[in-house]
Amino acid sequence: MQKHSRLLISFNALAISAFCLFGFMTTFEPVSNAITFRIFYSILGIAATIISIRMMYLAIRNRSLS
């Protein structure tokens with residue numbers, strides 16, 4: 001994978017993480033089935049954060065061949 005594509009994936013994953021953080025915070029308002037949404041936003045947010053960190057690490061560590 002090229003460096004630019006890894007950075008693009010990383011920034012997209014960061015945007016998903018930010019959306020999940022906002023969604024997680026809104027589940028503390030009085031709604032029904034809030035625990036389901038909290039679990040969903042937590043799992044998706046953690047996975048997106050891990051993907052973002054991993055892609056940034058690989059983009060910085062590996063130099064491009066050209």
# chains A, B, ... in the order shown; residues from 1 in each chain; ligands from 1
$ residues_around --residues "A:Leu58" --least-positions-apart "4" --cutoff "8 Å" --atoms "only C-alpha atoms" --output "MDAnalysis selection string"
chainID A and resid 6 54 62
$ write_last_selection --atoms "N, CA and C atoms" --output "CSV table (one decimal), in the first residue's frame"
chain,number,residue,atom,x,y,z
A,6,ARG,N,-2.6,4.9,2.9
A,6,ARG,CA,-2.6,4.6,4.3
A,6,ARG,C,-3.0,5.8,5.1
A,54,ARG,N,-2.7,2.3,13.6
A,54,ARG,CA,-1.9,1.3,12.8
A,54,ARG,C,-1.6,1.8,11.4
A,62,ASN,N,7.2,3.0,7.0
A,62,ASN,CA,7.6,2.5,5.7
A,62,ASN,C,7.8,3.7,4.8
$ residues_around --residues "A:Phe37" --least-positions-apart "5" --cutoff "12 Å" --atoms "only C-alpha atoms" --output "JSON, numbers by chain"
{"A": [20, 21, 22, 23, 24, 25, 26, 27, 28, 29, 31, 32, 42, 43, 44, 45]}
$ select_by_dssp --residues "chain A" --states "helix (DSSP H, G or I)" --output "MDAnalysis selection string"
chainID A and resid 3:26 34:61
$ write_last_selection --atoms "C-alpha atoms" --output "PDB file, in the first residue's frame"
ATOM      1  CA  LYS A   3       1.838   6.062   1.921  1.00  0.00           C
ATOM      2  CA  HIS A   4      -0.965   8.350   0.729  1.00  0.00           C
ATOM      3  CA  SER A   5      -3.586   5.620   0.767  1.00  0.00           C
ATOM      4  CA  ARG A   6      -2.609   4.615   4.306  1.00  0.00           C
ATOM      5  CA  LEU A   7      -2.911   8.213   5.455  1.00  0.00           C
ATOM      6  CA  LEU A   8      -6.295   8.515   3.729  1.00  0.00           C
ATOM      7  CA  ILE A   9      -7.542   5.378   5.488  1.00  0.00           C
ATOM      8  CA  SER A  10      -6.170   6.738   8.763  1.00  0.00           C
ATOM      9  CA  PHE A  11      -7.963  10.078   8.462  1.00  0.00           C
ATOM     10  CA  ASN A  12     -11.220   8.384   7.489  1.00  0.00           C
ATOM     11  CA  ALA A  13     -10.920   6.130  10.530  1.00  0.00           C
ATOM     12  CA  LEU A  14     -10.308   9.199  12.704  1.00  0.00           C
ATOM     13  CA  ALA A  15     -13.506  10.762  11.386  1.00  0.00           C
ATOM     14  CA  ILE A  16     -15.415   7.572  12.231  1.00  0.00           C
ATOM     15  CA  SER A  17     -13.854   7.601  15.717  1.00  0.00           C
ATOM     16  CA  ALA A  18     -14.985  11.191  16.277  1.00  0.00           C
ATOM     17  CA  PHE A  19     -18.510  10.315  15.128  1.00  0.00           C
ATOM     18  CA  CYS A  20     -18.575   7.347  17.507  1.00  0.00           C
ATOM     19  CA  LEU A  21     -17.379   9.496  20.398  1.00  0.00           C
ATOM     20  CA  PHE A  22     -20.171  11.990  19.738  1.00  0.00           C
ATOM     21  CA  GLY A  23     -22.697   9.173  19.376  1.00  0.00           C
ATOM     22  CA  PHE A  24     -21.527   7.575  22.617  1.00  0.00           C
ATOM     23  CA  MET A  25     -21.939  10.862  24.471  1.00  0.00           C
ATOM     24  CA  THR A  26     -25.462  11.353  23.135  1.00  0.00           C
ATOM     25  CA  ALA A  34     -29.273   3.189  25.279  1.00  0.00           C
ATOM     26  CA  ILE A  35     -27.017   0.290  26.314  1.00  0.00           C
ATOM     27  CA  THR A  36     -27.245  -1.207  22.820  1.00  0.00           C
ATOM     28  CA  PHE A  37     -26.113   2.033  21.235  1.00  0.00           C
ATOM     29  CA  ARG A  38     -23.322   2.465  23.797  1.00  0.00           C
ATOM     30  CA  ILE A  39     -21.971  -0.990  23.016  1.00  0.00           C
ATOM     31  CA  PHE A  40     -22.184  -0.379  19.261  1.00  0.00           C
ATOM     32  CA  TYR A  41     -20.469   3.031  19.417  1.00  0.00           C
ATOM     33  CA  SER A  42     -17.805   1.720  21.796  1.00  0.00           C
ATOM     34  CA  ILE A  43     -16.843  -1.254  19.645  1.00  0.00           C
ATOM     35  CA  LEU A  44     -16.878   0.711  16.392  1.00  0.00           C
ATOM     36  CA  GLY A  45     -14.970   3.637  17.919  1.00  0.00           C
ATOM     37  CA  ILE A  46     -12.254   1.455  19.430  1.00  0.00           C
ATOM     38  CA  ALA A  47     -11.838  -0.498  16.185  1.00  0.00           C
ATOM     39  CA  ALA A  48     -11.612   2.696  14.118  1.00  0.00           C
ATOM     40  CA  THR A  49      -9.069   4.187  16.519  1.00  0.00           C
ATOM     41  CA  ILE A  50      -6.885   1.066  16.351  1.00  0.00           C
ATOM     42  CA  ILE A  51      -7.065   1.045  12.543  1.00  0.00           C
ATOM     43  CA  SER A  52      -6.168   4.731  12.422  1.00  0.00           C
ATOM     44  CA  ILE A  53      -3.166   4.334  14.716  1.00  0.00           C
ATOM     45  CA  ARG A  54      -1.940   1.282  12.808  1.00  0.00           C
ATOM     46  CA  MET A  55      -2.239   2.978   9.403  1.00  0.00           C
ATOM     47  CA  MET A  56      -0.451   6.107  10.632  1.00  0.00           C
ATOM     48  CA  TYR A  57       2.320   3.981  12.082  1.00  0.00           C
ATOM     49  CA  LEU A  58       2.780   2.053   8.838  1.00  0.00           C
ATOM     50  CA  ALA A  59       2.676   5.234   6.748  1.00  0.00           C
ATOM     51  CA  ILE A  60       5.377   6.886   8.840  1.00  0.00           C
ATOM     52  CA  ARG A  61       7.557   3.815   9.328  1.00  0.00           C
TER      53      ARG A  61
END
